[in-house]
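Colleague: If it helps, the file is called data_11.pdb and holds PDB, C-alpha atoms, pLDDT in the B column:
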```pdb
ATOM      1  CA  MET A   3     -34.724 -24.228 -10.582  1.00 48.00           C
ATOM      2  CA  LYS A   4     -38.127 -24.644 -12.199  1.00 51.00           C
ATOM      3  CA  ARG A   5     -38.462 -27.704 -14.430  1.00 54.00           C
ATOM      4  CA  GLN A   6     -39.583 -27.073 -18.017  1.00 58.00           C
ATOM      5  CA  ARG A   7     -42.950 -28.547 -19.031  1.00 56.00           C
ATOM      6  CA  ASP A   8     -43.051 -31.454 -21.415  1.00 60.00           C
ATOM      7  CA  ARG A   9     -43.975 -30.306 -24.933  1.00 58.00           C
ATOM      8  CA  ASP A  10     -45.121 -32.087 -28.096  1.00 58.00           C
ATOM      9  CA  GLU A  11     -43.632 -31.459 -31.557  1.00 68.00           C
ATOM     10  CA  GLN A  12     -45.895 -28.415 -32.055  1.00 65.00           C
ATOM     11  CA  GLY A  13     -44.797 -26.921 -28.723  1.00 62.00           C
ATOM     12  CA  ARG A  14     -48.078 -27.642 -26.911  1.00 56.00           C
ATOM     13  CA  ALA A  15     -47.740 -28.477 -23.228  1.00 50.00           C
ATOM     14  CA  GLN A  16     -48.299 -32.101 -22.314  1.00 59.00           C
ATOM     15  CA  ASN A  17     -47.681 -34.207 -19.266  1.00 63.00           C
ATOM     16  CA  ALA A  18     -45.293 -37.028 -20.053  1.00 73.00           C
ATOM     17  CA  ARG A  19     -44.854 -37.947 -16.395  1.00 80.00           C
ATOM     18  CA  PRO A  20     -45.699 -41.535 -15.551  1.00 81.00           C
ATOM     19  CA  ARG A  21     -49.075 -42.103 -13.876  1.00 84.00           C
ATOM     20  CA  ASP A  22     -50.439 -44.556 -11.357  1.00 80.00           C
ATOM     21  CA  GLY A  23     -53.442 -46.810 -11.988  1.00 80.00           C
ATOM     22  CA  LEU A  24     -55.863 -43.962 -11.203  1.00 84.00           C
ATOM     23  CA  GLY A  25     -54.100 -41.467 -13.451  1.00 81.00           C
ATOM     24  CA  ARG A  26     -52.296 -39.529 -10.728  1.00 79.00           C
ATOM     25  CA  PRO A  27     -48.947 -38.139 -11.921  1.00 83.00           C
ATOM     26  CA  LEU A  28     -45.866 -39.761 -10.449  1.00 81.00           C
ATOM     27  CA  PRO A  29     -42.397 -38.208 -10.250  1.00 84.00           C
ATOM     28  CA  HIS A  30     -40.316 -38.295 -13.436  1.00 83.00           C
ATOM     29  CA  GLY A  31     -38.368 -41.547 -13.579  1.00 83.00           C
ATOM     30  CA  SER A  32     -40.975 -43.517 -11.600  1.00 84.00           C
ATOM     31  CA  GLU A  33     -42.497 -46.730 -12.855  1.00 85.00           C
ATOM     32  CA  GLY A  34     -46.090 -46.018 -13.879  1.00 81.00           C
ATOM     33  CA  VAL A  35     -48.803 -47.941 -15.652  1.00 82.00           C
ATOM     34  CA  GLU A  36     -49.058 -47.924 -19.425  1.00 80.00           C
ATOM     35  CA  ARG A  37     -50.857 -44.840 -20.714  1.00 76.00           C
ATOM     36  CA  ILE A  38     -53.754 -44.934 -23.152  1.00 75.00           C
ATOM     37  CA  PRO A  39     -53.197 -42.365 -25.902  1.00 69.00           C
ATOM     38  CA  GLU A  40     -56.323 -40.200 -26.181  1.00 62.00           C
ATOM     39  CA  ASP A  41     -55.557 -39.078 -29.720  1.00 70.00           C
ATOM     40  CA  ILE A  42     -55.996 -42.509 -31.313  1.00 77.00           C
ATOM     41  CA  VAL A  43     -59.126 -42.637 -33.429  1.00 82.00           C
ATOM     42  CA  ARG A  44     -60.987 -45.885 -32.798  1.00 90.00           C
ATOM     43  CA  PRO A  45     -64.323 -47.018 -34.185  1.00 92.00           C
ATOM     44  CA  PRO A  46     -67.104 -46.364 -31.619  1.00 94.00           C
ATOM     45  CA  GLU A  47     -67.591 -50.065 -30.893  1.00 95.00           C
ATOM     46  CA  GLN A  48     -63.880 -50.454 -30.138  1.00 95.00           C
ATOM     47  CA  SER A  49     -63.934 -47.390 -27.867  1.00 95.00           C
ATOM     48  CA  LEU A  50     -66.877 -48.833 -25.934  1.00 97.00           C
ATOM     49  CA  SER A  51     -65.325 -52.304 -25.730  1.00 96.00           C
ATOM     50  CA  GLN A  52     -61.966 -51.005 -24.543  1.00 95.00           C
ATOM     51  CA  SER A  53     -63.657 -48.696 -22.026  1.00 96.00           C
ATOM     52  CA  ARG A  54     -65.720 -51.587 -20.622  1.00 97.00           C
ATOM     53  CA  GLU A  55     -62.532 -53.613 -20.173  1.00 96.00           C
ATOM     54  CA  LEU A  56     -60.788 -50.715 -18.430  1.00 95.00           C
ATOM     55  CA  PHE A  57     -63.715 -50.083 -16.075  1.00 96.00           C
ATOM     56  CA  ALA A  58     -63.850 -53.805 -15.255  1.00 95.00           C
ATOM     57  CA  ALA A  59     -60.113 -53.717 -14.505  1.00 93.00           C
ATOM     58  CA  GLY A  60     -60.586 -50.790 -12.085  1.00 93.00           C
ATOM     59  CA  ARG A  61     -58.938 -48.256 -14.418  1.00 93.00           C
ATOM     60  CA  PRO A  62     -61.562 -45.519 -14.900  1.00 96.00           C
ATOM     61  CA  PHE A  63     -58.958 -42.831 -15.665  1.00 94.00           C
ATOM     62  CA  HIS A  64     -57.749 -44.875 -18.606  1.00 93.00           C
ATOM     63  CA  ALA A  65     -61.336 -45.489 -19.743  1.00 95.00           C
ATOM     64  CA  HIS A  66     -61.668 -41.697 -19.673  1.00 94.00           C
ATOM     65  CA  GLU A  67     -58.712 -41.370 -22.060  1.00 92.00           C
ATOM     66  CA  VAL A  68     -60.352 -43.765 -24.529  1.00 94.00           C
ATOM     67  CA  LEU A  69     -63.719 -42.008 -24.249  1.00 96.00           C
ATOM     68  CA  GLU A  70     -62.107 -38.590 -24.615  1.00 93.00           C
ATOM     69  CA  GLY A  71     -60.512 -39.761 -27.852  1.00 92.00           C
ATOM     70  CA  ALA A  72     -63.943 -40.894 -29.063  1.00 94.00           C
ATOM     71  CA  TRP A  73     -65.461 -37.558 -28.049  1.00 94.00           C
ATOM     72  CA  LYS A  74     -62.833 -35.560 -29.959  1.00 91.00           C
ATOM     73  CA  SER A  75     -63.239 -37.634 -33.129  1.00 92.00           C
ATOM     74  CA  ALA A  76     -67.035 -38.162 -33.034  1.00 94.00           C
ATOM     75  CA  PRO A  77     -69.389 -36.528 -35.502  1.00 95.00           C
ATOM     76  CA  GLU A  78     -70.998 -33.372 -34.093  1.00 95.00           C
ATOM     77  CA  PRO A  79     -74.383 -34.919 -33.161  1.00 95.00           C
ATOM     78  CA  GLU A  80     -72.628 -37.512 -30.945  1.00 96.00           C
ATOM     79  CA  ARG A  81     -69.979 -35.328 -29.322  1.00 96.00           C
ATOM     80  CA  GLY A  82     -72.074 -34.365 -26.311  1.00 97.00           C
ATOM     81  CA  LEU A  83     -72.763 -38.014 -25.536  1.00 98.00           C
ATOM     82  CA  TRP A  84     -69.110 -39.057 -25.782  1.00 97.00           C
ATOM     83  CA  LYS A  85     -68.093 -36.049 -23.667  1.00 97.00           C
ATOM     84  CA  ALA A  86     -70.620 -37.113 -21.028  1.00 98.00           C
ATOM     85  CA  LEU A  87     -69.281 -40.687 -21.083  1.00 98.00           C
ATOM     86  CA  ALA A  88     -65.758 -39.302 -20.534  1.00 97.00           C
ATOM     87  CA  GLN A  89     -67.127 -37.218 -17.638  1.00 98.00           C
ATOM     88  CA  LEU A  90     -68.695 -40.352 -16.171  1.00 98.00           C
ATOM     89  CA  ALA A  91     -65.257 -41.986 -16.191  1.00 98.00           C
ATOM     90  CA  VAL A  92     -63.700 -38.928 -14.535  1.00 97.00           C
ATOM     91  CA  GLY A  93     -66.448 -38.945 -11.898  1.00 98.00           C
ATOM     92  CA  ILE A  94     -65.632 -42.563 -11.085  1.00 98.00           C
ATOM     93  CA  THR A  95     -61.930 -41.654 -11.045  1.00 97.00           C
ATOM     94  CA  HIS A  96     -62.613 -38.919  -8.466  1.00 97.00           C
ATOM     95  CA  LEU A  97     -64.612 -41.407  -6.408  1.00 97.00           C
ATOM     96  CA  ARG A  98     -61.734 -43.915  -6.499  1.00 95.00           C
ATOM     97  CA  ARG A  99     -59.290 -41.160  -5.519  1.00 95.00           C
ATOM     98  CA  GLY A 100     -61.430 -40.312  -2.470  1.00 95.00           C
ATOM     99  CA  ASN A 101     -62.785 -36.987  -3.753  1.00 96.00           C
ATOM    100  CA  PRO A 102     -66.553 -36.971  -3.114  1.00 97.00           C
ATOM    101  CA  LYS A 103     -67.131 -33.379  -4.265  1.00 97.00           C
ATOM    102  CA  GLY A 104     -65.400 -33.989  -7.617  1.00 97.00           C
ATOM    103  CA  ALA A 105     -67.183 -37.326  -8.014  1.00 98.00           C
ATOM    104  CA  VAL A 106     -70.654 -35.842  -7.459  1.00 98.00           C
ATOM    105  CA  SER A 107     -69.937 -32.894  -9.751  1.00 98.00           C
ATOM    106  CA  LEU A 108     -68.709 -35.018 -12.668  1.00 98.00           C
ATOM    107  CA  LEU A 109     -71.299 -37.767 -12.229  1.00 98.00           C
ATOM    108  CA  THR A 110     -74.043 -35.132 -12.280  1.00 98.00           C
ATOM    109  CA  ARG A 111     -72.592 -33.505 -15.409  1.00 98.00           C
ATOM    110  CA  ALA A 112     -72.367 -36.932 -17.033  1.00 98.00           C
ATOM    111  CA  ARG A 113     -76.002 -37.714 -16.191  1.00 98.00           C
ATOM    112  CA  ASP A 114     -77.121 -34.372 -17.610  1.00 98.00           C
ATOM    113  CA  GLY A 115     -75.011 -34.817 -20.753  1.00 98.00           C
ATOM    114  CA  ILE A 116     -76.281 -38.337 -21.455  1.00 98.00           C
ATOM    115  CA  GLN A 117     -79.948 -37.433 -20.854  1.00 98.00           C
ATOM    116  CA  PRO A 118     -80.552 -35.778 -24.278  1.00 97.00           C
ATOM    117  CA  HIS A 119     -79.498 -39.034 -26.001  1.00 97.00           C
ATOM    118  CA  VAL A 120     -81.878 -41.381 -24.151  1.00 97.00           C
ATOM    119  CA  GLN A 121     -84.464 -41.527 -26.957  1.00 96.00           C
ATOM    120  CA  ASP A 122     -82.056 -42.473 -29.763  1.00 94.00           C
ATOM    121  CA  PRO A 123     -78.623 -43.507 -28.469  1.00 96.00           C
ATOM    122  CA  PRO A 124     -76.061 -44.479 -31.129  1.00 96.00           C
ATOM    123  CA  HIS A 125     -73.871 -47.591 -31.164  1.00 96.00           C
ATOM    124  CA  GLY A 126     -75.996 -49.549 -28.681  1.00 96.00           C
ATOM    125  CA  ILE A 127     -75.026 -47.216 -25.821  1.00 97.00           C
ATOM    126  CA  ARG A 128     -77.422 -47.856 -22.938  1.00 98.00           C
ATOM    127  CA  ALA A 129     -78.145 -44.171 -22.363  1.00 98.00           C
ATOM    128  CA  ALA A 130     -81.242 -44.564 -20.158  1.00 98.00           C
ATOM    129  CA  GLU A 131     -79.426 -46.999 -17.863  1.00 98.00           C
ATOM    130  CA  LEU A 132     -76.394 -44.710 -17.744  1.00 98.00           C
ATOM    131  CA  VAL A 133     -78.535 -41.720 -16.750  1.00 98.00           C
ATOM    132  CA  ASP A 134     -79.963 -43.768 -13.862  1.00 98.00           C
ATOM    133  CA  TYR A 135     -76.535 -45.172 -12.960  1.00 98.00           C
ATOM    134  CA  ALA A 136     -74.778 -41.783 -12.859  1.00 98.00           C
ATOM    135  CA  GLY A 137     -77.621 -40.119 -10.948  1.00 98.00           C
ATOM    136  CA  GLU A 138     -77.903 -42.906  -8.383  1.00 98.00           C
ATOM    137  CA  LEU A 139     -74.144 -43.096  -7.882  1.00 98.00           C
ATOM    138  CA  ALA A 140     -73.905 -39.305  -7.407  1.00 98.00           C
ATOM    139  CA  ALA A 141     -76.752 -39.388  -4.855  1.00 97.00           C
ATOM    140  CA  ARG A 142     -75.135 -42.296  -3.030  1.00 97.00           C
ATOM    141  CA  VAL A 143     -71.766 -40.542  -2.821  1.00 97.00           C
ATOM    142  CA  GLU A 144     -73.420 -37.316  -1.686  1.00 96.00           C
ATOM    143  CA  ARG A 145     -75.313 -39.211   1.021  1.00 95.00           C
ATOM    144  CA  ASP A 146     -72.718 -41.774   2.148  1.00 94.00           C
ATOM    145  CA  GLY A 147     -69.326 -40.575   0.902  1.00 94.00           C
ATOM    146  CA  VAL A 148     -66.844 -42.542  -1.185  1.00 93.00           C
ATOM    147  CA  GLU A 149     -65.407 -44.965   1.372  1.00 92.00           C
ATOM    148  CA  ASP A 150     -67.994 -47.743   1.197  1.00 87.00           C
ATOM    149  CA  VAL A 151     -68.694 -47.927  -2.545  1.00 93.00           C
ATOM    150  CA  PRO A 152     -67.675 -51.434  -3.697  1.00 93.00           C
ATOM    151  CA  LEU A 153     -65.482 -51.623  -6.774  1.00 90.00           C
ATOM    152  CA  ASP A 154     -68.117 -53.840  -8.432  1.00 92.00           C
ATOM    153  CA  ASP A 155     -70.475 -50.830  -8.387  1.00 94.00           C
ATOM    154  CA  LEU A 156     -68.021 -48.761 -10.453  1.00 96.00           C
ATOM    155  CA  ASN A 157     -68.553 -50.565 -13.731  1.00 96.00           C
ATOM    156  CA  PRO A 158     -71.137 -48.521 -15.694  1.00 98.00           C
ATOM    157  CA  PRO A 159     -73.530 -50.260 -18.105  1.00 97.00           C
ATOM    158  CA  LEU A 160     -72.073 -48.763 -21.294  1.00 96.00           C
ATOM    159  CA  GLY A 161     -73.625 -51.175 -23.762  1.00 93.00           C
ATOM    160  CA  GLY A 162     -72.298 -51.194 -27.270  1.00 79.00           C
TER     161      GLY A 162
END
```
Would you write out, as structure tokens, the structure that this file holds?
Modeller:
Amino acid sequence: MKRQRDRDEQGRAQNARPRDGLGRPLPHGSEGVERIPEDIVRPPEQSLSQSRELFAAGRPFHAHEVLEGAWKSAPEPERGLWKALAQLAVGITHLRRGNPKGAVSLLTRARDGIQPHVQDPPHGIRAAELVDYAGELAARVERDGVEDVPLDDLNPPLGG
């Protein structure tokens, strides 16, 4: 028998399954790590601070959830930057999960999405450094794969 999808109060599909530290779904009833709600609106500085902490703790998927919340609530001129920051986190998540193709794709998209904000980045975001970081990490993964990238190299210089 096919299991019904989890739904929110409006009937939209959502995944309430527990997740591991890299955001992979676990079977219902499993013990997962605490989820970060992506629909919480935080001030930009808080989003950056919390994301830095999550990256430092080796939880890029959860940093993605924070950054996605910032992207969805940002004013229009900043949305592309926040989306690119969320993509950066997903790229690092793919790298940690051992998926080089996904990592390169998302890191490249992140680099390209951050690039237009290099001249005047809001909230102290270190856009120029992030463009270099994402591009260099994508090239490294493409050249060497994901196996030998130290965890210390997966902590992007967000600023803020």
Colleague: Near range 66-71 of chain A, within 10 Å and counting only C-alpha atoms, which residues show up once chain neighbours fewer than 2 positions away are dropped, as a VMD selection string?
Modeller: chain A and resid 25 37 to 44 46 48 to 53 56 to 57 61 to 64 73 to 76 81 83 to 95
Colleague: Output C-alpha atoms of each residue in that selection to a file, as a PDB file, keeping the file's coordinate frame.
Modeller:
```pdb
ATOM      1  CA  GLY A  25     -54.100 -41.467 -13.451  1.00 81.00           C
ATOM      2  CA  ARG A  37     -50.857 -44.840 -20.714  1.00 76.00           C
ATOM      3  CA  ILE A  38     -53.754 -44.934 -23.152  1.00 75.00           C
ATOM      4  CA  PRO A  39     -53.197 -42.365 -25.902  1.00 69.00           C
ATOM      5  CA  GLU A  40     -56.323 -40.200 -26.181  1.00 62.00           C
ATOM      6  CA  ASP A  41     -55.557 -39.078 -29.720  1.00 70.00           C
ATOM      7  CA  ILE A  42     -55.996 -42.509 -31.313  1.00 77.00           C
ATOM      8  CA  VAL A  43     -59.126 -42.637 -33.429  1.00 82.00           C
ATOM      9  CA  ARG A  44     -60.987 -45.885 -32.798  1.00 90.00           C
ATOM     10  CA  PRO A  46     -67.104 -46.364 -31.619  1.00 94.00           C
ATOM     11  CA  GLN A  48     -63.880 -50.454 -30.138  1.00 95.00           C
ATOM     12  CA  SER A  49     -63.934 -47.390 -27.867  1.00 95.00           C
ATOM     13  CA  LEU A  50     -66.877 -48.833 -25.934  1.00 97.00           C
ATOM     14  CA  SER A  51     -65.325 -52.304 -25.730  1.00 96.00           C
ATOM     15  CA  GLN A  52     -61.966 -51.005 -24.543  1.00 95.00           C
ATOM     16  CA  SER A  53     -63.657 -48.696 -22.026  1.00 96.00           C
ATOM     17  CA  LEU A  56     -60.788 -50.715 -18.430  1.00 95.00           C
ATOM     18  CA  PHE A  57     -63.715 -50.083 -16.075  1.00 96.00           C
ATOM     19  CA  ARG A  61     -58.938 -48.256 -14.418  1.00 93.00           C
ATOM     20  CA  PRO A  62     -61.562 -45.519 -14.900  1.00 96.00           C
ATOM     21  CA  PHE A  63     -58.958 -42.831 -15.665  1.00 94.00           C
ATOM     22  CA  HIS A  64     -57.749 -44.875 -18.606  1.00 93.00           C
ATOM     23  CA  TRP A  73     -65.461 -37.558 -28.049  1.00 94.00           C
ATOM     24  CA  LYS A  74     -62.833 -35.560 -29.959  1.00 91.00           C
ATOM     25  CA  SER A  75     -63.239 -37.634 -33.129  1.00 92.00           C
ATOM     26  CA  ALA A  76     -67.035 -38.162 -33.034  1.00 94.00           C
ATOM     27  CA  ARG A  81     -69.979 -35.328 -29.322  1.00 96.00           C
ATOM     28  CA  LEU A  83     -72.763 -38.014 -25.536  1.00 98.00           C
ATOM     29  CA  TRP A  84     -69.110 -39.057 -25.782  1.00 97.00           C
ATOM     30  CA  LYS A  85     -68.093 -36.049 -23.667  1.00 97.00           C
ATOM     31  CA  ALA A  86     -70.620 -37.113 -21.028  1.00 98.00           C
ATOM     32  CA  LEU A  87     -69.281 -40.687 -21.083  1.00 98.00           C
ATOM     33  CA  ALA A  88     -65.758 -39.302 -20.534  1.00 97.00           C
ATOM     34  CA  GLN A  89     -67.127 -37.218 -17.638  1.00 98.00           C
ATOM     35  CA  LEU A  90     -68.695 -40.352 -16.171  1.00 98.00           C
ATOM     36  CA  ALA A  91     -65.257 -41.986 -16.191  1.00 98.00           C
ATOM     37  CA  VAL A  92     -63.700 -38.928 -14.535  1.00 97.00           C
ATOM     38  CA  GLY A  93     -66.448 -38.945 -11.898  1.00 98.00           C
ATOM     39  CA  ILE A  94     -65.632 -42.563 -11.085  1.00 98.00           C
ATOM     40  CA  THR A  95     -61.930 -41.654 -11.045  1.00 97.00           C
TER      41      THR A  95
END
```
Colleague: Considering all atoms listed in the file, return as a list in words whatever protein or nucleic-acid residues lie within 10 Å of Val148 in chain A, sequence-local ones (same chain, fewer than 2 positions apart) excluded.
Modeller: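 Surrounding residues, per the criterion: Ile94, His96, Leu97, Arg98, Arg99, Gly100, Asn101, Pro102, Lys103, Ala105, Val106, Leu139, Ala140, Arg142, Val143, Glu144, Arg145, Asp146, Asp150, Val151 and Pro152 of chain A.
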Colleague: Rounded to one decimal place, report the CA of Glu80 in chain A-CA of Val120 in chain A distance in Å.
Modeller: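 About the pair CA of Glu80 in chain A and CA of Val120 in chain A: they are 12.1 Å apart.
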Colleague: Mind checking which residues fall within 12 Å of Asp122 in chain A, counting only C-alpha atoms, ignoring those fewer than 5 positions away in the same chain, and posting them as a PDB file with C-alpha atoms, keeping the file's coordinate frame?
Modeller:
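Writing done, so here's out-v6.pdb:
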```pdb
ATOM      1  CA  PRO A  79     -74.383 -34.919 -33.161  1.00 95.00           C
ATOM      2  CA  GLU A  80     -72.628 -37.512 -30.945  1.00 96.00           C
ATOM      3  CA  LEU A  83     -72.763 -38.014 -25.536  1.00 98.00           C
ATOM      4  CA  ILE A 116     -76.281 -38.337 -21.455  1.00 98.00           C
ATOM      5  CA  GLN A 117     -79.948 -37.433 -20.854  1.00 98.00           C
ATOM      6  CA  ILE A 127     -75.026 -47.216 -25.821  1.00 97.00           C
ATOM      7  CA  ARG A 128     -77.422 -47.856 -22.938  1.00 98.00           C
ATOM      8  CA  ALA A 129     -78.145 -44.171 -22.363  1.00 98.00           C
ATOM      9  CA  ALA A 130     -81.242 -44.564 -20.158  1.00 98.00           C
TER      10      ALA A 130
END
```
Colleague: Just how far from CA of Glu36 in chain A is CA of Ala65 in chain A, in Å to one decimal?
Modeller: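 Computing it gives 12.5 Å between the two atoms.
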Colleague: In Å, how far is it from CA of Pro124 in chain A to CA of Leu24 in chain A?
Modeller: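 These two atoms are separated by 28.4 Å.
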Colleague: With all atoms listed in the file as the atoms that count, which of A:Pro45, A:Ser32, A:Arg54, A:Gly162 lies nearest to His125 in chain A?
Modeller: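 The shortest atom-to-atom distance to His125 in chain A comes from A:Gly162.
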Colleague: Hey, can I get the axis-aligned box for range 109-122 of chain A? All listed atoms, 8 Å padding on each side, centre and edge lengths in Å to one decimal, as AutoDock Vina command-line options.
Modeller:
```
--center_x -77.9 --center_y -38.0 --center_z -21.0 --size_x 29.2 --size_y 25.0 --size_z 33.5
```
Colleague: Would you write out, as a list of chain:residue names, every residue that the PyMOL selection byres ((chain A and resi 30) around 10) captures in this file?
Modeller: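 Selection result, ordered by chain and number: A:Ala18, A:Arg19, A:Pro20, A:Arg21, A:Pro27, A:Leu28, A:Pro29, A:Gly31, A:Ser32, A:Glu33, A:Gly34.
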Colleague: Please complete range 132-144 of chain A so it has N, CA and C atoms, and hand it over as a JSON list (two decimals), keeping the file's coordinate frame.
Modeller:
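Ended up saving to part_9.json:
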```json
[["chain", "number", "residue", "atom", "x", "y", "z"],
["A", 132, "LEU", "N", -77.52, -45.53, -18.19],
["A", 132, "LEU", "CA", -76.39, -44.71, -17.74],
["A", 132, "LEU", "C", -76.86, -43.46, -17.01],
["A", 133, "VAL", "N", -77.97, -42.87, -17.45],
["A", 133, "VAL", "CA", -78.54, -41.72, -16.75],
["A", 133, "VAL", "C", -78.90, -42.13, -15.32],
["A", 134, "ASP", "N", -79.59, -43.26, -15.19],
["A", 134, "ASP", "CA", -79.96, -43.77, -13.86],
["A", 134, "ASP", "C", -78.72, -44.09, -13.04],
["A", 135, "TYR", "N", -77.76, -44.77, -13.65],
["A", 135, "TYR", "CA", -76.54, -45.17, -12.96],
["A", 135, "TYR", "C", -75.79, -43.95, -12.41],
["A", 136, "ALA", "N", -75.55, -42.96, -13.27],
["A", 136, "ALA", "CA", -74.78, -41.78, -12.86],
["A", 136, "ALA", "C", -75.53, -41.01, -11.78],
["A", 137, "GLY", "N", -76.83, -40.85, -11.94],
["A", 137, "GLY", "CA", -77.62, -40.12, -10.95],
["A", 137, "GLY", "C", -77.65, -40.82, -9.61],
["A", 138, "GLU", "N", -77.86, -42.14, -9.63],
["A", 138, "GLU", "CA", -77.90, -42.91, -8.38],
["A", 138, "GLU", "C", -76.55, -42.95, -7.69],
["A", 139, "LEU", "N", -75.48, -43.07, -8.48],
["A", 139, "LEU", "CA", -74.14, -43.10, -7.88],
["A", 139, "LEU", "C", -73.81, -41.74, -7.27],
["A", 140, "ALA", "N", -74.15, -40.65, -7.96],
["A", 140, "ALA", "CA", -73.90, -39.30, -7.41],
["A", 140, "ALA", "C", -74.67, -39.12, -6.10],
["A", 141, "ALA", "N", -75.94, -39.52, -6.08],
["A", 141, "ALA", "CA", -76.75, -39.39, -4.86],
["A", 141, "ALA", "C", -76.17, -40.23, -3.72],
["A", 142, "ARG", "N", -75.71, -41.40, -4.05],
["A", 142, "ARG", "CA", -75.14, -42.30, -3.03],
["A", 142, "ARG", "C", -73.87, -41.70, -2.43],
["A", 143, "VAL", "N", -73.01, -41.15, -3.30],
["A", 143, "VAL", "CA", -71.77, -40.54, -2.82],
["A", 143, "VAL", "C", -72.09, -39.31, -1.98],
["A", 144, "GLU", "N", -73.04, -38.51, -2.43],
["A", 144, "GLU", "CA", -73.42, -37.32, -1.69],
["A", 144, "GLU", "C", -73.96, -37.68, -0.30]]
```
